[in-house]
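S.K.: Sharing start01.cif below, mmCIF, N, CA and C atoms and all ligand atoms:
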data_data
#
loop_
_atom_site.label_atom_id
_atom_site.label_comp_id
_atom_site.auth_asym_id
_atom_site.auth_seq_id
_atom_site.Cartn_x
_atom_site.Cartn_y
_atom_site.Cartn_z
N MET A 1 0.86 -1.20 0.00
CA MET A 1 0.00 0.00 0.00
C MET A 1 0.90 1.25 0.00
N ALA A 2 0.50 2.26 -0.73
CA ALA A 2 1.30 3.50 -0.80
C ALA A 2 1.33 4.20 0.56
N ASP A 3 2.33 5.07 0.72
CA ASP A 3 2.40 5.87 1.93
C ASP A 3 1.31 6.95 1.92
N TYR A 4 1.01 7.47 3.10
CA TYR A 4 0.09 8.61 3.22
C TYR A 4 0.68 9.83 2.51
N ASP A 5 -0.13 10.47 1.69
CA ASP A 5 0.32 11.67 0.96
C ASP A 5 -0.23 12.92 1.66
N PRO A 6 0.61 13.73 2.29
CA PRO A 6 0.11 14.90 3.03
C PRO A 6 -0.45 16.00 2.12
N GLU A 7 -0.35 15.81 0.82
CA GLU A 7 -0.94 16.79 -0.11
C GLU A 7 -2.33 16.37 -0.59
N ASN A 8 -2.92 15.31 -0.01
CA ASN A 8 -4.28 14.94 -0.43
C ASN A 8 -5.26 16.03 -0.03
N ILE A 9 -6.41 16.05 -0.70
CA ILE A 9 -7.34 17.18 -0.58
C ILE A 9 -7.89 17.33 0.84
N PHE A 10 -8.08 16.23 1.56
CA PHE A 10 -8.62 16.34 2.92
C PHE A 10 -7.55 16.85 3.90
N ALA A 11 -6.28 16.51 3.65
CA ALA A 11 -5.21 17.08 4.46
C ALA A 11 -5.16 18.59 4.26
N LYS A 12 -5.41 19.03 3.03
CA LYS A 12 -5.43 20.49 2.75
C LYS A 12 -6.62 21.15 3.44
N ILE A 13 -7.75 20.44 3.47
CA ILE A 13 -8.92 20.97 4.20
C ILE A 13 -8.59 21.10 5.68
N LEU A 14 -7.95 20.08 6.24
CA LEU A 14 -7.58 20.13 7.67
C LEU A 14 -6.67 21.31 7.96
N ARG A 15 -5.77 21.62 7.03
CA ARG A 15 -4.82 22.74 7.23
C ARG A 15 -5.41 24.08 6.80
N ASN A 16 -6.70 24.06 6.41
CA ASN A 16 -7.38 25.28 5.94
C ASN A 16 -6.71 25.87 4.71
N GLU A 17 -6.06 25.05 3.91
CA GLU A 17 -5.46 25.52 2.66
C GLU A 17 -6.49 25.61 1.55
N ILE A 18 -7.57 24.83 1.69
CA ILE A 18 -8.72 24.99 0.79
C ILE A 18 -9.98 25.03 1.64
N PRO A 19 -11.02 25.73 1.14
CA PRO A 19 -12.21 25.92 1.96
C PRO A 19 -13.04 24.64 2.09
N SER A 20 -13.79 24.57 3.16
CA SER A 20 -14.77 23.49 3.33
C SER A 20 -15.88 24.02 4.21
N THR A 21 -17.01 23.31 4.19
CA THR A 21 -18.14 23.68 5.04
C THR A 21 -18.12 22.76 6.25
N ARG A 22 -17.50 23.26 7.33
CA ARG A 22 -17.34 22.45 8.53
C ARG A 22 -18.63 22.40 9.32
N VAL A 23 -18.92 21.24 9.90
CA VAL A 23 -20.16 21.05 10.65
C VAL A 23 -19.86 20.79 12.12
N PHE A 24 -18.79 20.05 12.38
CA PHE A 24 -18.46 19.68 13.75
C PHE A 24 -16.98 19.34 13.80
N GLU A 25 -16.33 19.66 14.93
CA GLU A 25 -14.99 19.13 15.14
C GLU A 25 -14.72 18.98 16.63
N ASP A 26 -13.86 18.03 16.94
CA ASP A 26 -13.32 17.92 18.29
C ASP A 26 -11.80 17.80 18.14
N ASP A 27 -11.11 17.43 19.21
CA ASP A 27 -9.64 17.40 19.13
C ASP A 27 -9.14 16.40 18.09
N GLU A 28 -9.90 15.35 17.87
CA GLU A 28 -9.40 14.23 17.06
C GLU A 28 -10.02 14.11 15.68
N THR A 29 -11.20 14.72 15.48
CA THR A 29 -11.95 14.47 14.24
C THR A 29 -12.58 15.75 13.69
N LEU A 30 -12.93 15.70 12.40
CA LEU A 30 -13.62 16.80 11.72
C LEU A 30 -14.75 16.22 10.87
N ALA A 31 -15.90 16.88 10.88
CA ALA A 31 -17.01 16.54 9.98
C ALA A 31 -17.29 17.75 9.10
N PHE A 32 -17.41 17.52 7.80
CA PHE A 32 -17.67 18.61 6.85
C PHE A 32 -18.51 18.09 5.70
N MET A 33 -19.13 19.02 4.98
CA MET A 33 -20.07 18.62 3.92
C MET A 33 -19.31 18.13 2.68
N ASP A 34 -19.85 17.09 2.05
CA ASP A 34 -19.32 16.61 0.78
C ASP A 34 -19.71 17.62 -0.32
N ILE A 35 -18.77 17.96 -1.20
CA ILE A 35 -19.09 18.96 -2.24
C ILE A 35 -19.89 18.36 -3.40
N MET A 36 -19.96 17.04 -3.45
CA MET A 36 -20.79 16.38 -4.48
C MET A 36 -21.81 15.48 -3.77
N PRO A 37 -22.78 16.13 -3.09
CA PRO A 37 -23.67 15.37 -2.21
C PRO A 37 -24.57 14.40 -2.96
N ARG A 38 -24.58 13.16 -2.49
CA ARG A 38 -25.42 12.14 -3.13
C ARG A 38 -26.80 12.06 -2.48
N THR A 39 -26.93 12.68 -1.31
CA THR A 39 -28.25 12.97 -0.72
C THR A 39 -28.12 14.33 -0.05
N ASP A 40 -29.24 14.97 0.22
CA ASP A 40 -29.19 16.19 1.03
C ASP A 40 -28.60 15.83 2.39
N GLY A 41 -27.64 16.62 2.85
CA GLY A 41 -27.03 16.38 4.15
C GLY A 41 -25.85 15.43 4.12
N HIS A 42 -25.39 15.05 2.93
CA HIS A 42 -24.24 14.13 2.79
C HIS A 42 -23.00 14.79 3.38
N LEU A 43 -22.43 14.17 4.40
CA LEU A 43 -21.23 14.73 5.01
C LEU A 43 -20.15 13.66 5.16
N LEU A 44 -18.96 14.12 5.47
CA LEU A 44 -17.78 13.26 5.60
C LEU A 44 -17.19 13.45 6.99
N VAL A 45 -16.70 12.38 7.58
CA VAL A 45 -16.04 12.42 8.88
C VAL A 45 -14.63 11.89 8.73
N ILE A 46 -13.65 12.65 9.21
CA ILE A 46 -12.24 12.26 9.06
C ILE A 46 -11.49 12.42 10.38
N PRO A 47 -10.41 11.65 10.56
CA PRO A 47 -9.52 11.91 11.69
C PRO A 47 -8.64 13.12 11.36
N LYS A 48 -8.21 13.83 12.41
CA LYS A 48 -7.31 14.97 12.17
C LYS A 48 -5.87 14.51 11.98
N THR A 49 -5.58 13.27 12.34
CA THR A 49 -4.24 12.72 12.17
C THR A 49 -4.19 11.87 10.91
N PRO A 50 -2.99 11.72 10.30
CA PRO A 50 -2.91 11.07 9.00
C PRO A 50 -3.07 9.56 9.01
N CYS A 51 -3.92 9.06 8.10
CA CYS A 51 -3.92 7.64 7.71
C CYS A 51 -4.71 7.57 6.41
N ARG A 52 -4.40 6.58 5.58
CA ARG A 52 -5.03 6.49 4.26
C ARG A 52 -6.47 5.99 4.35
N ASN A 53 -6.67 4.97 5.20
CA ASN A 53 -7.99 4.32 5.24
C ASN A 53 -8.01 3.34 6.41
N VAL A 54 -9.01 2.47 6.43
CA VAL A 54 -9.16 1.50 7.52
C VAL A 54 -7.96 0.57 7.61
N LEU A 55 -7.26 0.37 6.48
CA LEU A 55 -6.18 -0.63 6.45
C LEU A 55 -4.95 -0.20 7.24
N ASP A 56 -4.73 1.11 7.38
CA ASP A 56 -3.55 1.56 8.15
C ASP A 56 -3.92 2.40 9.37
N ALA A 57 -5.21 2.58 9.63
CA ALA A 57 -5.64 3.38 10.79
C ALA A 57 -5.31 2.65 12.09
N THR A 58 -5.03 3.43 13.14
CA THR A 58 -4.83 2.83 14.46
C THR A 58 -6.21 2.59 15.10
N PRO A 59 -6.25 1.71 16.09
CA PRO A 59 -7.52 1.52 16.82
C PRO A 59 -8.05 2.83 17.39
N GLU A 60 -7.16 3.69 17.83
CA GLU A 60 -7.60 4.98 18.40
C GLU A 60 -8.22 5.86 17.32
N GLN A 61 -7.59 5.92 16.14
CA GLN A 61 -8.17 6.72 15.05
C GLN A 61 -9.56 6.19 14.69
N LEU A 62 -9.68 4.87 14.59
CA LEU A 62 -10.98 4.29 14.22
C LEU A 62 -12.03 4.57 15.30
N ALA A 63 -11.65 4.42 16.55
CA ALA A 63 -12.61 4.65 17.64
C ALA A 63 -13.06 6.10 17.66
N ASN A 64 -12.12 7.02 17.51
CA ASN A 64 -12.48 8.44 17.53
C ASN A 64 -13.37 8.79 16.35
N VAL A 65 -13.03 8.30 15.17
CA VAL A 65 -13.84 8.62 13.99
C VAL A 65 -15.24 8.02 14.12
N MET A 66 -15.32 6.79 14.61
CA MET A 66 -16.65 6.17 14.70
C MET A 66 -17.53 6.88 15.72
N ASN A 67 -16.93 7.40 16.79
CA ASN A 67 -17.73 8.19 17.74
C ASN A 67 -18.36 9.39 17.04
N THR A 68 -17.56 10.06 16.21
CA THR A 68 -18.09 11.24 15.50
C THR A 68 -19.05 10.81 14.40
N VAL A 69 -18.80 9.69 13.74
CA VAL A 69 -19.75 9.19 12.73
C VAL A 69 -21.12 8.97 13.38
N GLN A 70 -21.14 8.36 14.56
CA GLN A 70 -22.44 8.12 15.21
C GLN A 70 -23.12 9.44 15.55
N LYS A 71 -22.34 10.37 16.09
CA LYS A 71 -22.89 11.69 16.45
C LYS A 71 -23.49 12.38 15.22
N MET A 72 -22.76 12.33 14.11
CA MET A 72 -23.22 13.00 12.90
C MET A 72 -24.40 12.28 12.27
N ALA A 73 -24.40 10.95 12.35
CA ALA A 73 -25.53 10.17 11.81
C ALA A 73 -26.81 10.54 12.56
N GLN A 74 -26.71 10.62 13.88
CA GLN A 74 -27.89 10.97 14.68
C GLN A 74 -28.36 12.40 14.36
N ALA A 75 -27.41 13.32 14.26
CA ALA A 75 -27.77 14.72 13.98
C ALA A 75 -28.36 14.87 12.58
N ALA A 76 -27.74 14.21 11.59
CA ALA A 76 -28.22 14.34 10.20
C ALA A 76 -29.61 13.69 10.05
N LYS A 77 -29.82 12.56 10.73
CA LYS A 77 -31.15 11.91 10.65
C LYS A 77 -32.21 12.84 11.21
N SER A 78 -31.88 13.45 12.34
CA SER A 78 -32.83 14.37 12.96
C SER A 78 -33.04 15.62 12.10
N ALA A 79 -31.94 16.20 11.61
CA ALA A 79 -32.02 17.46 10.84
C ALA A 79 -32.88 17.31 9.60
N PHE A 80 -32.82 16.16 8.95
CA PHE A 80 -33.55 15.96 7.69
C PHE A 80 -34.79 15.10 7.87
N ASP A 81 -35.15 14.83 9.14
CA ASP A 81 -36.30 13.98 9.42
C ASP A 81 -36.22 12.71 8.56
N ALA A 82 -35.02 12.12 8.53
CA ALA A 82 -34.77 10.98 7.65
C ALA A 82 -35.32 9.70 8.26
N ASP A 83 -35.54 8.70 7.39
CA ASP A 83 -36.00 7.39 7.85
C ASP A 83 -34.82 6.49 8.22
N GLY A 84 -33.64 6.81 7.69
CA GLY A 84 -32.46 6.00 7.96
C GLY A 84 -31.20 6.76 7.56
N VAL A 85 -30.07 6.14 7.74
CA VAL A 85 -28.78 6.75 7.41
C VAL A 85 -27.90 5.69 6.77
N THR A 86 -27.31 6.02 5.61
CA THR A 86 -26.31 5.14 5.00
C THR A 86 -24.93 5.65 5.37
N ILE A 87 -24.06 4.71 5.81
CA ILE A 87 -22.67 5.05 6.12
C ILE A 87 -21.80 4.25 5.14
N GLN A 88 -20.95 4.97 4.38
CA GLN A 88 -20.10 4.32 3.38
C GLN A 88 -18.64 4.63 3.67
N GLN A 89 -17.78 3.67 3.33
CA GLN A 89 -16.34 3.86 3.53
C GLN A 89 -15.61 2.96 2.54
N PHE A 90 -14.61 3.50 1.83
CA PHE A 90 -13.92 2.78 0.75
C PHE A 90 -12.42 2.73 1.03
N ASN A 91 -11.78 1.64 0.63
CA ASN A 91 -10.35 1.43 0.92
C ASN A 91 -9.56 1.12 -0.33
N GLU A 92 -8.65 2.03 -0.68
CA GLU A 92 -7.79 1.93 -1.87
C GLU A 92 -8.64 2.03 -3.16
N ALA A 93 -7.97 2.34 -4.25
CA ALA A 93 -8.67 2.60 -5.52
C ALA A 93 -9.56 1.41 -5.90
N ALA A 94 -9.04 0.20 -5.71
CA ALA A 94 -9.81 -0.98 -6.08
C ALA A 94 -11.07 -1.13 -5.24
N GLY A 95 -11.05 -0.52 -4.04
CA GLY A 95 -12.21 -0.55 -3.16
C GLY A 95 -13.12 0.65 -3.35
N GLY A 96 -12.81 1.51 -4.33
CA GLY A 96 -13.67 2.66 -4.62
C GLY A 96 -13.21 3.96 -3.99
N GLN A 97 -12.03 3.95 -3.35
CA GLN A 97 -11.55 5.17 -2.68
C GLN A 97 -10.93 6.13 -3.69
N GLU A 98 -11.26 7.42 -3.55
CA GLU A 98 -10.71 8.45 -4.45
C GLU A 98 -9.82 9.44 -3.70
N VAL A 99 -10.11 9.68 -2.44
CA VAL A 99 -9.29 10.60 -1.63
C VAL A 99 -8.66 9.75 -0.52
N PHE A 100 -7.31 9.81 -0.44
CA PHE A 100 -6.59 8.84 0.39
C PHE A 100 -6.23 9.42 1.76
N HIS A 101 -7.29 9.87 2.45
CA HIS A 101 -7.25 10.21 3.87
C HIS A 101 -8.53 9.57 4.41
N LEU A 102 -8.40 8.73 5.45
CA LEU A 102 -9.57 7.99 5.95
C LEU A 102 -10.80 8.88 6.07
N HIS A 103 -11.91 8.43 5.51
CA HIS A 103 -13.16 9.17 5.68
C HIS A 103 -14.35 8.23 5.61
N PHE A 104 -15.37 8.61 6.35
CA PHE A 104 -16.66 7.92 6.32
C PHE A 104 -17.69 8.88 5.77
N HIS A 105 -18.50 8.38 4.82
CA HIS A 105 -19.64 9.14 4.30
C HIS A 105 -20.84 8.90 5.22
N VAL A 106 -21.58 9.96 5.53
CA VAL A 106 -22.82 9.86 6.31
C VAL A 106 -23.92 10.47 5.45
N LEU A 107 -24.91 9.64 5.10
CA LEU A 107 -25.94 10.06 4.14
C LEU A 107 -27.33 9.81 4.72
N PRO A 108 -28.04 10.89 5.10
CA PRO A 108 -29.43 10.71 5.54
C PRO A 108 -30.27 10.16 4.39
N ARG A 109 -31.17 9.21 4.70
CA ARG A 109 -31.96 8.55 3.64
C ARG A 109 -33.45 8.59 3.96
N HIS A 110 -34.24 8.69 2.90
CA HIS A 110 -35.70 8.63 3.04
C HIS A 110 -36.23 7.41 2.29
N GLU A 111 -37.23 6.80 2.88
CA GLU A 111 -37.82 5.58 2.32
C GLU A 111 -38.15 5.78 0.84
N GLY A 112 -37.66 4.89 -0.02
CA GLY A 112 -38.02 4.91 -1.44
C GLY A 112 -37.27 5.94 -2.26
N VAL A 113 -36.35 6.71 -1.68
CA VAL A 113 -35.61 7.74 -2.42
C VAL A 113 -34.18 7.25 -2.64
N SER A 114 -33.78 7.14 -3.91
CA SER A 114 -32.44 6.65 -4.24
C SER A 114 -31.40 7.74 -4.01
N MET A 115 -30.15 7.30 -3.82
CA MET A 115 -29.05 8.27 -3.79
C MET A 115 -28.87 8.83 -5.20
N ARG A 116 -28.43 10.08 -5.31
CA ARG A 116 -28.12 10.67 -6.61
C ARG A 116 -26.82 10.04 -7.15
N PRO A 117 -26.60 10.09 -8.47
CA PRO A 117 -25.36 9.52 -9.01
C PRO A 117 -24.13 10.28 -8.50
N PRO A 118 -22.97 9.63 -8.43
CA PRO A 118 -21.76 10.31 -7.94
C PRO A 118 -21.23 11.31 -8.96
N GLY A 119 -20.41 12.25 -8.47
CA GLY A 119 -19.65 13.12 -9.37
C GLY A 119 -20.33 14.39 -9.80
N ASN A 120 -21.46 14.73 -9.20
CA ASN A 120 -22.14 15.98 -9.56
C ASN A 120 -21.95 17.02 -8.46
N MET A 121 -21.35 18.14 -8.83
CA MET A 121 -21.08 19.21 -7.88
C MET A 121 -22.39 19.74 -7.31
N GLY A 122 -22.44 19.93 -5.99
CA GLY A 122 -23.64 20.46 -5.36
C GLY A 122 -23.70 21.97 -5.44
N ASP A 123 -24.88 22.51 -5.08
CA ASP A 123 -25.07 23.96 -5.03
C ASP A 123 -24.50 24.48 -3.70
N PHE A 124 -23.58 25.43 -3.78
CA PHE A 124 -22.85 25.88 -2.58
C PHE A 124 -23.80 26.41 -1.51
N ASP A 125 -24.76 27.26 -1.92
CA ASP A 125 -25.67 27.86 -0.93
C ASP A 125 -26.53 26.79 -0.26
N GLN A 126 -26.98 25.82 -1.06
CA GLN A 126 -27.82 24.76 -0.50
C GLN A 126 -27.00 23.89 0.47
N ILE A 127 -25.76 23.59 0.12
CA ILE A 127 -24.91 22.81 1.02
C ILE A 127 -24.71 23.57 2.33
N ALA A 128 -24.51 24.88 2.24
CA ALA A 128 -24.33 25.69 3.45
C ALA A 128 -25.59 25.66 4.32
N GLN A 129 -26.76 25.73 3.68
CA GLN A 129 -28.02 25.65 4.43
C GLN A 129 -28.16 24.30 5.11
N HIS A 130 -27.79 23.24 4.39
CA HIS A 130 -27.89 21.89 4.97
C HIS A 130 -26.94 21.76 6.17
N ALA A 131 -25.75 22.34 6.06
CA ALA A 131 -24.80 22.30 7.16
C ALA A 131 -25.38 22.97 8.40
N GLU A 132 -26.06 24.09 8.19
CA GLU A 132 -26.66 24.81 9.33
C GLU A 132 -27.74 23.96 9.99
N LYS A 133 -28.52 23.23 9.17
CA LYS A 133 -29.56 22.36 9.74
C LYS A 133 -28.94 21.28 10.61
N ILE A 134 -27.85 20.71 10.15
CA ILE A 134 -27.19 19.64 10.92
C ILE A 134 -26.59 20.22 12.20
N LYS A 135 -25.96 21.37 12.07
CA LYS A 135 -25.37 22.00 13.26
C LYS A 135 -26.44 22.25 14.32
N ALA A 136 -27.61 22.71 13.86
CA ALA A 136 -28.70 23.01 14.81
C ALA A 136 -29.20 21.75 15.50
N ALA A 137 -29.02 20.60 14.86
CA ALA A 137 -29.51 19.33 15.43
C ALA A 137 -28.47 18.69 16.35
N LEU A 138 -27.29 19.24 16.39
CA LEU A 138 -26.21 18.62 17.21
C LEU A 138 -26.47 18.86 18.71
P1 LIG B 1 -14.25 8.39 -1.88
O1 LIG B 1 -12.77 8.54 -1.71
O2 LIG B 1 -14.94 7.95 -0.62
O3 LIG B 1 -14.61 7.52 -3.05
O4 LIG B 1 -14.86 9.78 -2.29
C1 LIG B 1 -14.34 11.00 -1.89
C2 LIG B 1 -15.47 11.96 -1.60
O5 LIG B 1 -14.89 13.23 -1.36
C3 LIG B 1 -16.48 12.15 -2.72
O6 LIG B 1 -17.79 11.94 -2.21
C4 LIG B 1 -16.28 13.58 -3.18
O7 LIG B 1 -17.47 14.19 -3.57
C5 LIG B 1 -15.67 14.23 -1.97
N1 LIG B 1 -14.76 15.33 -2.29
C6 LIG B 1 -13.78 15.33 -3.23
N2 LIG B 1 -13.12 16.49 -3.23
C7 LIG B 1 -13.68 17.25 -2.25
C8 LIG B 1 -13.41 18.57 -1.77
O8 LIG B 1 -12.54 19.30 -2.23
N3 LIG B 1 -14.20 19.01 -0.74
C9 LIG B 1 -15.18 18.24 -0.20
N4 LIG B 1 -15.89 18.79 0.81
N5 LIG B 1 -15.46 16.99 -0.62
C10 LIG B 1 -14.72 16.50 -1.64
#
Written as structure tokens, that's how I'd like the structure from this file.
M.R.:
Amino acid sequence: MADYDPENIFAKILRNEIPSTRVFEDDETLAFMDIMPRTDGHLLVIPKTPCRNVLDATPEQLANVMNTVQKMAQAAKSAFDADGVTIQQFNEAAGGQEVFHLHFHVLPRHEGVSMRPPGNMGDFDQIAQHAEKIKAAL
């Protein structure tokens, strides 16, 4: 497996070198909105320390991230009055991973409503509004 690349896009977000819509953070983790949301309220949870994915993460990184994933799943479900929440996570290119800093997708879901196709840029103002709804539910 390749080494962690500190120039990956999420490392740049952590260093505030590129903008993001942050929703929650603690000492160990950050939650922010996905720029290509596959459902309303689609957000990402990452550790603040470097690792590529589940394959090289420490037990502490995984435990900290999962605590925040649960917190965000509960808040997003409440904020969007969702029926359920999909949590996705991909490991290495063959596993579907595109950004090589560990992240979990949190996607509020409604009964009978499919996820949108991947790769479509979201509307910035709408994403910001969705972030505010989730923050209010925290
Ligand atoms: P994955 O690695 O899990 O396949 O996908 C990476 C995810 O990161 C995608 O859902 C994509 O929309 C999101 N993403 C890629 N670049 C950026 C970015 O610059 N900012 C944010 N907020 N999300 C991004």
S.K.: Just the alpha helix (DSSP H) stuff from chain A, please, per backbone DSSP, written as a PyMOL selection string.
M.R.: chain A and resi 9-14+59-79+124-137
S.K.: Give me, as CSV, each residue of chain A that comes within 6 Å of ligand LIG 1 (chain B), together with its shortest interatomic pair and the distance in Å at one decimal, counting all atoms listed in the file, with rows ordered by chain and rising residue number.
M.R.:
residue,atom,partner,partner_atom,distance
A:Ile9,CA,B:LIG1,O8,5.9
A:Ser20,CA,B:LIG1,N4,5.4
A:Thr21,N,B:LIG1,N4,5.8
A:Phe32,C,B:LIG1,N4,5.6
A:Met33,C,B:LIG1,N4,4.0
A:Asp34,CA,B:LIG1,N4,4.1
A:Ile35,N,B:LIG1,N5,3.5
A:Met36,N,B:LIG1,O7,3.8
A:Pro37,N,B:LIG1,O7,5.7
A:Gln89,C,B:LIG1,O2,5.9
A:Phe90,N,B:LIG1,O2,5.1
A:Gly96,C,B:LIG1,O3,3.9
A:Gln97,C,B:LIG1,O1,3.6
A:Glu98,N,B:LIG1,O1,2.6
A:Val99,N,B:LIG1,O1,3.0
A:Phe100,N,B:LIG1,O1,5.7
S.K.: Select, counting only C-alpha atoms, all protein, DNA and RNA residues no farther than 12 Å from (-22.6, 24.9, -0.4) in file coordinates, and express the selection as a ChimeraX atom specification.
M.R.: /A:19-23,32-37,40-43,121-132
S.K.: For Val45 (chain A), which residue out of A:Asp81, A:Ala2, A:Val65, A:Lys71 is the nearest one, using all atoms listed in the file?
M.R.: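 Nearest candidate to Val45 (chain A) out of A:Asp81, A:Ala2, A:Val65, A:Lys71: A:Val65.
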S.K.: What lies within 8 Å of region 108-114 of chain A using all atoms listed in the file, ignoring chain neighbours under 5 positions off, as a count of residues only?
M.R.: 18
S.K.: Atom N of Pro50 (chain A) and CA of Asp27 (chain A) are how many Å apart?
M.R.: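 Between atom N of Pro50 (chain A) and CA of Asp27 (chain A) the gap is 12.4 Å.
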S.K.: Using only N, CA and C atoms, find the one residue out of A:Ile13, A:Met66, A:Val54, A:Met115 that sits nearest to Leu102 (chain A).
M.R.: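 With only N, CA and C atoms as the atom set, the closest residue is A:Val54.
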S.K.: Between A:Met1, A:Leu30, A:Ala63, A:Ala11, which residue has the minimum interatomic distance to Pro47 (chain A), considering all atoms listed in the file?
M.R.: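 With all atoms listed in the file as the atom set, the closest residue is A:Leu30.
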S.K.: Quote the spacing between CA of Gly95 (chain A) and atom N of Leu55 (chain A) in Å to one decimal place.
M.R.: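 One can read the CA of Gly95 (chain A) to atom N of Leu55 (chain A) distance as 10.9 Å.
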S.K.: Within 10 Å of Tyr4 (chain A), counting only C-alpha atoms, which residues show up once you throw out same-chain ones fewer than 4 positions away? Write them as a PDB file with N, CA and C atoms, keeping the file's coordinate frame, please.
M.R.:
ATOM      1  N   ASN A   8      -2.920  15.310  -0.010  1.00  0.00           N
ATOM      2  CA  ASN A   8      -4.280  14.940  -0.430  1.00  0.00           C
ATOM      3  C   ASN A   8      -5.260  16.030  -0.030  1.00  0.00           C
ATOM      4  N   PRO A  50      -2.990  11.720  10.300  1.00  0.00           N
ATOM      5  CA  PRO A  50      -2.910  11.070   9.000  1.00  0.00           C
ATOM      6  C   PRO A  50      -3.070   9.560   9.010  1.00  0.00           C
ATOM      7  N   CYS A  51      -3.920   9.060   8.100  1.00  0.00           N
ATOM      8  CA  CYS A  51      -3.920   7.640   7.710  1.00  0.00           C
ATOM      9  C   CYS A  51      -4.710   7.570   6.410  1.00  0.00           C
ATOM     10  N   ARG A  52      -4.400   6.580   5.580  1.00  0.00           N
ATOM     11  CA  ARG A  52      -5.030   6.490   4.260  1.00  0.00           C
ATOM     12  C   ARG A  52      -6.470   5.990   4.350  1.00  0.00           C
ATOM     13  N   ASN A  53      -6.670   4.970   5.200  1.00  0.00           N
ATOM     14  CA  ASN A  53      -7.990   4.320   5.240  1.00  0.00           C
ATOM     15  C   ASN A  53      -8.010   3.340   6.410  1.00  0.00           C
ATOM     16  N   ASP A  56      -4.730   1.110   7.380  1.00  0.00           N
ATOM     17  CA  ASP A  56      -3.550   1.560   8.150  1.00  0.00           C
ATOM     18  C   ASP A  56      -3.920   2.400   9.370  1.00  0.00           C
ATOM     19  N   PHE A 100      -7.310   9.810  -0.440  1.00  0.00           N
ATOM     20  CA  PHE A 100      -6.590   8.840   0.390  1.00  0.00           C
ATOM     21  C   PHE A 100      -6.230   9.420   1.760  1.00  0.00           C
ATOM     22  N   HIS A 101      -7.290   9.870   2.450  1.00  0.00           N
ATOM     23  CA  HIS A 101      -7.250  10.210   3.870  1.00  0.00           C
ATOM     24  C   HIS A 101      -8.530   9.570   4.410  1.00  0.00           C
TER      25      HIS A 101
END
S.K.: With all atoms of region 92-110 of chain A from the file as input, state the centre and edge lengths in Å to one decimal of the axis-aligned box that has 8 Å extra on each side, as lines of an AutoDock Vina configuration file.
M.R.:
center_x = -21.2
center_y = 4.9
center_z = 0.1
size_x = 46.0
size_y = 28.0
size_z = 28.4
S.K.: Could you work out how far CA of Asn16 (chain A) lies from CA of Ile46 (chain A), giving the answer in Å with one decimal?
M.R.: 14.2 Å
S.K.: I need the residues in region 28-132 of chain A that are strand (DSSP E) according to DSSP; give them as a list in words.
M.R.: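 Written out, the strand (DSSP E) residues of region 28-132 of chain A are Thr29, Leu30, Ala31, Phe32, Met33, Leu43, Leu44, Val45, Ile46, Pro47, Gly84, Val85, Thr86, Ile87, Gln88, Phe104, His105, Val106, Leu107, Pro108 and Arg109 of chain A.
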S.K.: In terms of the shortest atom-to-atom distance over all atoms listed in the file, which of A:Ala79, A:Val106, A:Arg116, A:Met72 is closest to Lys133 (chain A)?
M.R.: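 Among A:Ala79, A:Val106, A:Arg116, A:Met72, it is A:Ala79 that comes nearest to Lys133 (chain A).
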